[in-house]
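Have a look at upload-v8.pdb; it's PDB, C-alpha atoms:
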```
MODEL        1
ATOM      1  CA  LYS A   1     139.173  96.149  85.628
ATOM      2  CA  ALA A   2     137.054  95.752  88.773
ATOM      3  CA  GLY A   3     133.468  96.974  88.583
ATOM      4  CA  VAL A   4     131.556  99.214  90.918
ATOM      5  CA  THR A   5     131.473  97.738  94.409
ATOM      6  CA  GLN A   6     128.739  98.506  96.897
ATOM      7  CA  THR A   7     128.747  97.443 100.516
ATOM      8  CA  PRO A   8     126.940  96.021 102.274
ATOM      9  CA  ARG A   9     124.729  94.038  99.873
ATOM     10  CA  TYR A  10     121.916  93.653 102.383
ATOM     11  CA  LEU A  11     120.961  95.635 105.448
ATOM     12  CA  ILE A  12     118.097  95.558 107.940
ATOM     13  CA  LYS A  13     117.544  98.603 110.111
ATOM     14  CA  THR A  14     114.903  99.811 112.531
ATOM     15  CA  ARG A  15     112.829 102.924 112.062
ATOM     16  CA  GLY A  16     114.578 105.974 113.452
ATOM     17  CA  GLN A  17     118.075 104.586 113.004
ATOM     18  CA  GLN A  18     120.595 105.888 110.533
ATOM     19  CA  VAL A  19     122.526 104.007 107.879
ATOM     20  CA  THR A  20     125.653 104.547 105.802
ATOM     21  CA  LEU A  21     126.151 102.857 102.449
ATOM     22  CA  SER A  22     129.459 102.680 100.620
ATOM     23  CA  CYS A  23     130.377 102.723  96.949
ATOM     24  CA  SER A  24     133.771 102.150  95.343
ATOM     25  CA  PRO A  25     133.711 103.294  91.710
ATOM     26  CA  ILE A  26     135.611 101.852  88.797
ATOM     27  CA  SER A  27     139.229 102.946  88.892
ATOM     28  CA  GLY A  28     139.636 106.254  87.098
ATOM     29  CA  HIS A  29     135.961 107.173  87.311
ATOM     30  CA  ARG A  30     135.447 110.474  89.073
ATOM     31  CA  SER A  31     131.669 110.790  88.848
ATOM     32  CA  VAL A  32     129.562 108.818  91.304
ATOM     33  CA  SER A  33     125.771 108.926  91.326
ATOM     34  CA  TRP A  34     123.294 107.396  93.735
ATOM     35  CA  TYR A  35     119.812 106.130  92.951
ATOM     36  CA  GLN A  36     116.922 104.722  94.914
ATOM     37  CA  GLN A  37     114.861 101.987  93.290
ATOM     38  CA  THR A  38     111.488 100.861  94.591
ATOM     39  CA  PRO A  39     108.780  98.821  92.860
ATOM     40  CA  GLY A  40     106.338 101.701  93.010
ATOM     41  CA  GLN A  41     108.581 104.643  92.060
ATOM     42  CA  GLY A  42     111.143 103.021  89.812
ATOM     43  CA  LEU A  43     114.658 104.453  89.690
ATOM     44  CA  GLN A  44     115.007 107.875  91.255
ATOM     45  CA  PHE A  45     118.118 110.006  91.232
ATOM     46  CA  LEU A  46     119.487 110.991  94.638
ATOM     47  CA  PHE A  47     122.693 112.922  93.947
ATOM     48  CA  GLU A  48     125.879 112.997  91.944
ATOM     49  CA  TYR A  49     129.404 113.702  93.124
ATOM     50  CA  PHE A  50     132.426 114.651  91.079
ATOM     51  CA  SER A  51     135.846 115.341  92.542
ATOM     52  CA  GLU A  52     134.434 115.457  96.080
ATOM     53  CA  THR A  53     131.775 118.036  95.147
ATOM     54  CA  GLN A  54     128.060 117.445  94.872
ATOM     55  CA  ARG A  55     127.111 118.515  91.342
ATOM     56  CA  ASN A  56     123.479 117.441  91.156
ATOM     57  CA  LYS A  57     120.799 116.635  93.647
ATOM     58  CA  GLY A  58     117.469 114.929  93.194
ATOM     59  CA  ASN A  59     114.250 115.672  94.996
ATOM     60  CA  PHE A  60     114.847 113.883  98.285
ATOM     61  CA  PRO A  61     114.561 115.204 101.854
ATOM     62  CA  GLY A  62     117.608 116.371 103.767
ATOM     63  CA  ARG A  63     117.726 113.060 105.633
ATOM     64  CA  PHE A  64     119.529 111.744 102.561
ATOM     65  CA  SER A  65     123.083 112.957 102.268
ATOM     66  CA  GLY A  66     126.291 111.862 100.690
ATOM     67  CA  ARG A  67     129.933 112.597 100.265
ATOM     68  CA  GLN A  68     132.849 111.657  98.093
ATOM     69  CA  PHE A  69     136.430 111.144  99.152
ATOM     70  CA  SER A  70     139.621 112.081  97.366
ATOM     71  CA  ASN A  71     139.941 108.530  95.995
ATOM     72  CA  SER A  72     136.443 108.904  94.453
ATOM     73  CA  ARG A  73     134.883 106.431  96.866
ATOM     74  CA  SER A  74     131.482 107.656  97.989
ATOM     75  CA  GLU A  75     129.151 107.158 100.887
ATOM     76  CA  MET A  76     125.511 107.984 101.324
ATOM     77  CA  ASN A  77     123.822 108.397 104.648
ATOM     78  CA  VAL A  78     120.165 108.213 105.555
ATOM     79  CA  SER A  79     119.198 109.483 108.972
ATOM     80  CA  THR A  80     115.995 108.891 110.926
ATOM     81  CA  LEU A  81     115.007 105.959 108.755
ATOM     82  CA  GLU A  82     111.386 105.543 107.735
ATOM     83  CA  LEU A  83     109.612 102.427 106.500
ATOM     84  CA  GLY A  84     109.355 104.043 103.068
ATOM     85  CA  ASP A  85     113.134 104.166 102.792
ATOM     86  CA  SER A  86     113.172 100.422 102.171
ATOM     87  CA  ALA A  87     114.594 100.093  98.688
ATOM     88  CA  LEU A  88     117.472  99.004  96.528
ATOM     89  CA  TYR A  89     120.125 101.741  96.603
ATOM     90  CA  LEU A  90     122.288 101.822  93.525
ATOM     91  CA  CYS A  91     125.568 103.536  92.895
ATOM     92  CA  ALA A  92     126.861 104.289  89.410
ATOM     93  CA  SER A  93     130.220 105.583  88.277
ATOM     94  CA  SER A  94     131.380 107.153  85.063
ATOM     95  CA  THR A  95     134.323 109.114  83.743
ATOM     96  CA  ASP A  96     132.264 112.296  83.764
ATOM     97  CA  ARG A  97     128.664 113.366  84.090
ATOM     98  CA  ASN A  98     125.826 110.895  83.651
ATOM     99  CA  ARG A  99     126.717 109.204  80.401
ATOM    100  CA  GLY A 100     127.427 105.518  79.975
ATOM    101  CA  ALA A 101     127.469 104.967  83.732
ATOM    102  CA  PHE A 102     128.312 101.585  85.232
ATOM    103  CA  PHE A 103     126.209 100.406  88.140
ATOM    104  CA  GLY A 104     127.022  98.350  91.184
ATOM    105  CA  GLN A 105     124.897  95.453  92.427
ATOM    106  CA  GLY A 106     123.167  97.715  94.897
ATOM    107  CA  THR A 107     122.455  97.611  98.619
ATOM    108  CA  ARG A 108     119.080  96.217  99.598
ATOM    109  CA  LEU A 109     117.932  98.208 102.638
ATOM    110  CA  THR A 110     114.974  96.987 104.652
ATOM    111  CA  VAL A 111     113.574  99.228 107.365
ATOM    112  CA  VAL A 112     111.411  97.483 109.955
TER     113      VAL A 112
ATOM    114  CA  LEU B   1     113.647 117.613  81.777
ATOM    115  CA  ALA B   2     112.798 115.197  78.975
ATOM    116  CA  LYS B   3     110.431 112.363  79.810
ATOM    117  CA  THR B   4     110.441 109.047  78.005
ATOM    118  CA  THR B   5     107.550 106.794  77.079
ATOM    119  CA  GLN B   6     108.072 103.156  76.222
ATOM    120  CA  PRO B   7     105.867 100.041  76.193
ATOM    121  CA  ILE B   8     105.306  98.488  79.583
ATOM    122  CA  SER B   9     105.971  94.971  78.320
ATOM    123  CA  MET B  10     106.830  92.976  75.215
ATOM    124  CA  ASP B  11     107.049  89.299  74.342
ATOM    125  CA  SER B  12     109.188  87.642  71.712
ATOM    126  CA  TYR B  13     110.800  84.314  70.870
ATOM    127  CA  GLU B  14     114.351  83.061  70.862
ATOM    128  CA  GLY B  15     116.216  83.856  67.671
ATOM    129  CA  GLN B  16     113.970  86.779  66.748
ATOM    130  CA  GLU B  17     115.008  90.405  66.396
ATOM    131  CA  VAL B  18     113.372  92.622  69.005
ATOM    132  CA  ASN B  19     112.786  96.332  68.558
ATOM    133  CA  ILE B  20     111.792  98.495  71.508
ATOM    134  CA  THR B  21     110.721 102.030  70.660
ATOM    135  CA  CYS B  22     110.906 104.951  73.038
ATOM    136  CA  SER B  23     109.373 108.359  72.538
ATOM    137  CA  HIS B  24     110.943 111.520  73.955
ATOM    138  CA  ASN B  25     109.160 114.453  72.395
ATOM    139  CA  ASN B  26     110.856 117.198  74.424
ATOM    140  CA  ILE B  27     114.424 116.010  74.183
ATOM    141  CA  ALA B  28     116.863 118.889  74.574
ATOM    142  CA  THR B  29     119.347 119.791  71.872
ATOM    143  CA  ASN B  30     122.377 118.433  73.697
ATOM    144  CA  ASP B  31     120.727 115.444  75.396
ATOM    145  CA  TYR B  32     121.926 111.928  74.707
ATOM    146  CA  ILE B  33     119.761 108.795  74.413
ATOM    147  CA  THR B  34     120.908 105.876  76.529
ATOM    148  CA  TRP B  35     119.561 102.368  77.044
ATOM    149  CA  TYR B  36     120.115 100.120  80.032
ATOM    150  CA  GLN B  37     119.199  96.517  80.792
ATOM    151  CA  GLN B  38     118.312  95.362  84.285
ATOM    152  CA  PHE B  39     117.856  91.885  85.728
ATOM    153  CA  PRO B  40     115.995  91.389  89.037
ATOM    154  CA  SER B  41     117.941  92.505  92.117
ATOM    155  CA  GLN B  42     120.876  93.727  90.037
ATOM    156  CA  GLY B  43     122.060  97.146  88.983
ATOM    157  CA  PRO B  44     121.248  98.327  85.460
ATOM    158  CA  ARG B  45     123.781  97.469  82.772
ATOM    159  CA  PHE B  46     124.700 100.005  80.092
ATOM    160  CA  ILE B  47     123.746  98.774  76.618
ATOM    161  CA  ILE B  48     124.187 101.609  74.161
ATOM    162  CA  GLN B  49     124.159 105.367  73.813
ATOM    163  CA  GLY B  50     123.635 107.688  70.882
ATOM    164  CA  TYR B  51     122.962 111.250  69.850
ATOM    165  CA  LYS B  52     121.638 110.935  66.306
ATOM    166  CA  THR B  53     121.396 108.524  63.344
ATOM    167  CA  LYS B  54     122.471 104.951  64.043
ATOM    168  CA  VAL B  55     124.823 103.476  66.596
ATOM    169  CA  THR B  56     125.830  99.821  66.709
ATOM    170  CA  ASN B  57     127.879  97.808  69.160
ATOM    171  CA  GLU B  58     128.411  94.126  69.811
ATOM    172  CA  VAL B  59     125.055  93.636  71.544
ATOM    173  CA  ALA B  60     122.576  96.113  70.044
ATOM    174  CA  SER B  61     121.790  98.866  67.575
ATOM    175  CA  LEU B  62     120.193 102.194  68.302
ATOM    176  CA  PHE B  63     118.226 103.988  65.607
ATOM    177  CA  ILE B  64     117.491 107.689  66.054
ATOM    178  CA  PRO B  65     115.507 109.625  63.432
ATOM    179  CA  ALA B  66     116.482 113.124  62.394
ATOM    180  CA  ASP B  67     113.965 114.844  64.713
ATOM    181  CA  ARG B  68     115.263 112.804  67.676
ATOM    182  CA  LYS B  69     111.776 112.613  69.190
ATOM    183  CA  SER B  70     111.977 108.851  69.358
ATOM    184  CA  SER B  71     114.538 106.078  69.295
ATOM    185  CA  THR B  72     114.501 102.319  68.731
ATOM    186  CA  LEU B  73     116.681  99.781  70.461
ATOM    187  CA  SER B  74     117.218  96.719  68.286
ATOM    188  CA  LEU B  75     118.355  93.426  69.814
ATOM    189  CA  PRO B  76     119.350  90.878  67.166
ATOM    190  CA  ARG B  77     118.626  87.179  67.640
ATOM    191  CA  VAL B  78     117.479  87.321  71.258
ATOM    192  CA  SER B  79     117.903  84.440  73.681
ATOM    193  CA  LEU B  80     116.161  83.520  76.928
ATOM    194  CA  SER B  81     118.862  85.381  78.853
ATOM    195  CA  ASP B  82     117.725  88.649  77.268
ATOM    196  CA  THR B  83     114.600  88.523  79.430
ATOM    197  CA  ALA B  84     114.958  91.695  81.487
ATOM    198  CA  VAL B  85     113.683  95.233  81.924
ATOM    199  CA  TYR B  86     115.008  97.724  79.380
ATOM    200  CA  TYR B  87     115.177 101.419  80.214
ATOM    201  CA  CYS B  88     115.333 104.273  77.748
ATOM    202  CA  LEU B  89     116.814 107.483  79.128
ATOM    203  CA  VAL B  90     117.392 110.914  77.722
ATOM    204  CA  GLY B  91     119.471 113.608  79.289
ATOM    205  CA  GLY B  92     123.073 114.041  80.248
ATOM    206  CA  GLY B  93     123.283 117.317  78.386
ATOM    207  CA  MET B  94     123.878 120.796  79.693
ATOM    208  CA  ASP B  95     120.248 121.885  79.164
ATOM    209  CA  SER B  96     119.095 119.038  81.422
ATOM    210  CA  ASN B  97     121.685 119.970  84.021
ATOM    211  CA  TYR B  98     123.343 116.687  83.069
ATOM    212  CA  GLN B  99     120.589 114.674  84.734
ATOM    213  CA  LEU B 100     119.099 111.457  83.399
ATOM    214  CA  ILE B 101     115.400 110.766  83.733
ATOM    215  CA  TRP B 102     114.498 107.100  84.163
ATOM    216  CA  GLY B 103     111.147 105.917  82.885
ATOM    217  CA  ALA B 104     109.241 102.839  83.963
ATOM    218  CA  GLY B 105     111.099 100.580  81.555
ATOM    219  CA  THR B 106     109.941  97.814  79.217
ATOM    220  CA  LYS B 107     109.723  94.319  80.601
ATOM    221  CA  LEU B 108     110.880  92.058  77.782
ATOM    222  CA  ILE B 109     110.028  88.368  78.030
ATOM    223  CA  ILE B 110     111.703  85.950  75.643
ATOM    224  CA  LYS B 111     109.993  82.629  75.130
ATOM    225  CA  PRO B 112     111.551  79.385  73.865
TER     226      PRO B 112
ENDMDL
END
```

Output the file's structure in the form of structure tokens.
Amino acid sequence: KAGVTQTPRYLIKTRGQQVTLSCSPISGHRSVSWYQQTPGQGLQFLFEYFSETQRNKGNFPGRFSGRQFSNSRSEMNVSTLELGDSALYLCASSTDRNRGAFFGQGTRLTVV
Amino acid sequence: LAKTTQPISMDSYEGQEVNITCSHNNIATNDYITWYQQFPSQGPRFIIQGYKTKVTNEVASLFIPADRKSSTLSLPRVSLSDTAVYYCLVGGGMDSNYQLIWGAGTKLIIKP
């Protein structure tokens, strides 16, 4: 069974731009969660989607948004990028809720 | 939301059994305890999950006392490839709104 796939793996953007990251969950998994990981803050929860609906949201500004499609694939968008948005963005999928989730390799975003 | 406390780092040697203890004093009644392993620049990998008593799988054991205020991840006969950061999480239950709180993790270094 294929794992969680995140694209792209690496991305360099300029301050003020916007970016869209993609996540394809494991087949049959309907819950997709997004995390931001930085050396200083560790892993921080962004949001969780289940059956195209956002079920949980972390404490991030409105510049961070996401969506989930009918095939469970998910995207997250960050608008008006700031230098502090440089991080590893991780996507995790599970059959339901946040238990035993399987993570992708992440997208390394660098904002310059 | 329950917060976890675990040692910042630990050292051990190949072939030894390693036990990493995590404290979670305010764990909610329906929260689960989950452990993940993470290598640099990769997404976390699910190791084991439990609710109470002892859980064992092919890679680790998880010991949870009756009060559930702590838990111990046991890695038998570690090898150099077990060098990684290990995260203890609690949550995933209804009282925590199904969220998982990630701590700072324990950096485990295995020496030859």

Listed atoms of segment 59-71 of chain A, axis-aligned box, 5 Å per side: centre and edge lengths to one decimal in Å, as JSON?
```
{"center_x": 127.1, "center_y": 112.5, "center_z": 100.3, "size_x": 35.7, "size_y": 17.8, "size_z": 20.6}
```

- Item | Contact set, chain A to chain B: 10 Å, only C-alpha atoms, as a count of residues only | 33

The residues within 7 Å of (133.1, 101.7, 93.9), using only C-alpha atoms and the coordinates of the file, should be reported as an mmCIF file with C-alpha atoms, in the frame of the given file; which are they?
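And here is the file that came out, result37.cif:
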```
data_model
loop_
_atom_site.group_PDB
_atom_site.id
_atom_site.type_symbol
_atom_site.label_atom_id
_atom_site.label_comp_id
_atom_site.auth_asym_id
_atom_site.auth_seq_id
_atom_site.Cartn_x
_atom_site.Cartn_y
_atom_site.Cartn_z
ATOM 1 C CA VAL A 4 131.556 99.214 90.918
ATOM 2 C CA THR A 5 131.473 97.738 94.409
ATOM 3 C CA GLN A 6 128.739 98.506 96.897
ATOM 4 C CA CYS A 23 130.377 102.723 96.949
ATOM 5 C CA SER A 24 133.771 102.150 95.343
ATOM 6 C CA PRO A 25 133.711 103.294 91.710
ATOM 7 C CA ILE A 26 135.611 101.852 88.797
ATOM 8 C CA ARG A 73 134.883 106.431 96.866
#
```

Hits from the PyMOL selection byres ((chain B and resi 21) around 12), listed as an mmCIF file with C-alpha atoms, in the frame of the given file:
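Saved the output as part_37.cif:
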```
data_model
loop_
_atom_site.group_PDB
_atom_site.id
_atom_site.type_symbol
_atom_site.label_atom_id
_atom_site.label_comp_id
_atom_site.auth_asym_id
_atom_site.auth_seq_id
_atom_site.Cartn_x
_atom_site.Cartn_y
_atom_site.Cartn_z
ATOM 1 C CA THR B 4 110.441 109.047 78.005
ATOM 2 C CA THR B 5 107.550 106.794 77.079
ATOM 3 C CA GLN B 6 108.072 103.156 76.222
ATOM 4 C CA PRO B 7 105.867 100.041 76.193
ATOM 5 C CA ILE B 8 105.306 98.488 79.583
ATOM 6 C CA SER B 9 105.971 94.971 78.320
ATOM 7 C CA MET B 10 106.830 92.976 75.215
ATOM 8 C CA VAL B 18 113.372 92.622 69.005
ATOM 9 C CA ASN B 19 112.786 96.332 68.558
ATOM 10 C CA ILE B 20 111.792 98.495 71.508
ATOM 11 C CA CYS B 22 110.906 104.951 73.038
ATOM 12 C CA SER B 23 109.373 108.359 72.538
ATOM 13 C CA HIS B 24 110.943 111.520 73.955
ATOM 14 C CA ILE B 33 119.761 108.795 74.413
ATOM 15 C CA TRP B 35 119.561 102.368 77.044
ATOM 16 C CA SER B 61 121.790 98.866 67.575
ATOM 17 C CA LEU B 62 120.193 102.194 68.302
ATOM 18 C CA PHE B 63 118.226 103.988 65.607
ATOM 19 C CA ILE B 64 117.491 107.689 66.054
ATOM 20 C CA PRO B 65 115.507 109.625 63.432
ATOM 21 C CA LYS B 69 111.776 112.613 69.190
ATOM 22 C CA SER B 70 111.977 108.851 69.358
ATOM 23 C CA SER B 71 114.538 106.078 69.295
ATOM 24 C CA THR B 72 114.501 102.319 68.731
ATOM 25 C CA LEU B 73 116.681 99.781 70.461
ATOM 26 C CA SER B 74 117.218 96.719 68.286
ATOM 27 C CA LEU B 75 118.355 93.426 69.814
ATOM 28 C CA TYR B 86 115.008 97.724 79.380
ATOM 29 C CA TYR B 87 115.177 101.419 80.214
ATOM 30 C CA CYS B 88 115.333 104.273 77.748
ATOM 31 C CA LEU B 89 116.814 107.483 79.128
ATOM 32 C CA GLY B 105 111.099 100.580 81.555
ATOM 33 C CA THR B 106 109.941 97.814 79.217
#
```

- Query: What is the atom CA of Ser86 of chain A to atom CA of Gln36 of chain A distance in Å?
  - Reply: 9.2 Å

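Taking atom CA of Val78 of chain B and atom CA of Pro40 of chain B as the two end points, the separation is 18.3 Å.
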
- Message: I'd like the neighbourhood of Thr20 of chain A as a list in words, where a residue qualifies if any of its atoms comes within 8 Å (using only C-alpha atoms), though same-chain residues fewer than 3 positions away should be ignored.
- Response: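 So the residues in contact are Glu75, Met76, Asn77 and Val78 of chain A.
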
- Please measure the separation of atom CA of Gly66 of chain A and atom CA of Ala87 of chain A, giving the value in Å to one decimal.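 Atom CA of Ala87 of chain A lies at a distance of 16.7 Å from atom CA of Gly66 of chain A.
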
- May I have the protein, DNA and RNA residues with an atom at most 8 Å from (137.1, 114.2, 86.5), counting all atoms listed in the file in the file's coordinates, returned as a list in words? His29, Arg30, Ser31, Phe50, Ser51, Thr95 and Asp96 of chain A

- Hits from the PyMOL selection byres ((chain B and resi 52) around 7), listed as JSON, numbers by chain: {"B": [50, 51, 53, 54, 64, 65, 66, 68]}

- Mind checking which residues fall within 8 Å of Arg67 of chain A, counting all atoms listed in the file, ignoring those fewer than 5 positions away in the same chain, and posting them as a list in words?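 These residues fall inside the cut-off: Tyr49, Glu52, Thr53, Gln54, Ser74, Glu75 and Met76 of chain A.
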
- Message: Expand the PyMOL selection byres ((chain B and resi 15) around 10) into the explicit residue set it covers here, and present it as number ranges by chain.
- Response: B: 12-14, 16-18, 76-80, 110-112

Take segment 9-20 of chain A, model all heavy atoms, and hand the result over as a compact mmCIF listing (two decimals), in the frame of the given file.
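result_37.txt, written as the output of this step:
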```
# COMPACT_ATOMS: atom_id res chain seq x y z
N ARG A 9 125.72 94.43 100.88
CA ARG A 9 124.73 94.04 99.87
C ARG A 9 123.32 94.07 100.46
O ARG A 9 122.37 94.40 99.77
CB ARG A 9 125.03 92.64 99.34
CG ARG A 9 126.23 92.55 98.42
CD ARG A 9 126.00 93.29 97.09
NE ARG A 9 124.73 92.95 96.45
CZ ARG A 9 124.52 91.88 95.71
NH1 ARG A 9 125.49 91.01 95.51
NH2 ARG A 9 123.34 91.67 95.16
N TYR A 10 123.22 93.69 101.72
CA TYR A 10 121.92 93.65 102.38
C TYR A 10 122.04 94.28 103.77
O TYR A 10 123.07 94.17 104.42
CB TYR A 10 121.40 92.21 102.52
CG TYR A 10 121.29 91.48 101.21
CD1 TYR A 10 122.34 90.70 100.73
CD2 TYR A 10 120.14 91.60 100.43
CE1 TYR A 10 122.26 90.06 99.52
CE2 TYR A 10 120.04 90.94 99.21
CZ TYR A 10 121.10 90.19 98.76
OH TYR A 10 121.01 89.54 97.55
N LEU A 11 120.96 94.93 104.17
CA LEU A 11 120.96 95.64 105.45
C LEU A 11 119.54 95.69 105.99
O LEU A 11 118.60 96.00 105.25
CB LEU A 11 121.48 97.05 105.21
CG LEU A 11 122.16 97.84 106.31
CD1 LEU A 11 123.24 97.03 106.98
CD2 LEU A 11 122.74 99.11 105.73
N ILE A 12 119.40 95.40 107.29
CA ILE A 12 118.10 95.56 107.94
C ILE A 12 118.28 96.54 109.08
O ILE A 12 119.16 96.36 109.93
CB ILE A 12 117.56 94.21 108.47
CG1 ILE A 12 117.38 93.24 107.31
CG2 ILE A 12 116.24 94.43 109.20
CD1 ILE A 12 116.96 91.84 107.74
N LYS A 13 117.47 97.58 109.08
CA LYS A 13 117.54 98.60 110.11
C LYS A 13 116.15 98.85 110.68
O LYS A 13 115.13 98.51 110.07
CB LYS A 13 118.08 99.92 109.52
CG LYS A 13 119.56 99.87 109.17
CD LYS A 13 120.41 99.92 110.41
CE LYS A 13 121.87 100.10 110.08
NZ LYS A 13 122.70 100.19 111.32
N THR A 14 116.16 99.48 111.85
CA THR A 14 114.90 99.81 112.53
C THR A 14 114.56 101.27 112.27
O THR A 14 115.46 102.12 112.14
CB THR A 14 115.05 99.56 114.04
OG1 THR A 14 115.47 98.21 114.24
CG2 THR A 14 113.74 99.79 114.76
N ARG A 15 113.30 101.54 112.23
CA ARG A 15 112.83 102.92 112.06
C ARG A 15 113.52 103.85 113.06
O ARG A 15 113.66 103.51 114.23
CB ARG A 15 111.33 103.00 112.32
CG ARG A 15 110.50 103.10 111.08
CD ARG A 15 109.04 103.33 111.39
NE ARG A 15 108.54 102.51 112.47
CZ ARG A 15 107.31 102.61 112.94
NH1 ARG A 15 106.48 103.49 112.43
NH2 ARG A 15 106.91 101.84 113.92
N GLY A 16 113.93 105.00 112.59
CA GLY A 16 114.58 105.97 113.45
C GLY A 16 116.09 105.87 113.46
O GLY A 16 116.78 106.84 113.85
N GLN A 17 116.62 104.73 113.05
CA GLN A 17 118.08 104.59 113.00
C GLN A 17 118.63 105.31 111.79
O GLN A 17 117.89 105.85 110.96
CB GLN A 17 118.46 103.10 112.93
CG GLN A 17 118.26 102.33 114.21
CD GLN A 17 118.80 100.91 114.10
OE1 GLN A 17 118.52 100.19 113.14
NE2 GLN A 17 119.60 100.51 115.09
N GLN A 18 119.95 105.33 111.71
CA GLN A 18 120.60 105.89 110.53
C GLN A 18 121.45 104.80 109.88
O GLN A 18 121.77 103.77 110.51
CB GLN A 18 121.46 107.10 110.88
CG GLN A 18 122.77 106.77 111.55
CD GLN A 18 123.75 107.94 111.47
OE1 GLN A 18 123.40 109.07 111.13
NE2 GLN A 18 125.00 107.68 111.78
N VAL A 19 121.77 105.02 108.61
CA VAL A 19 122.53 104.01 107.88
C VAL A 19 123.51 104.70 106.94
O VAL A 19 123.24 105.80 106.43
CB VAL A 19 121.57 103.09 107.08
CG1 VAL A 19 120.85 103.86 105.97
CG2 VAL A 19 122.31 101.89 106.52
N THR A 20 124.65 104.05 106.75
CA THR A 20 125.65 104.55 105.80
C THR A 20 125.97 103.46 104.80
O THR A 20 126.27 102.32 105.18
CB THR A 20 126.95 104.96 106.53
OG1 THR A 20 126.64 106.03 107.44
CG2 THR A 20 127.99 105.45 105.53
```
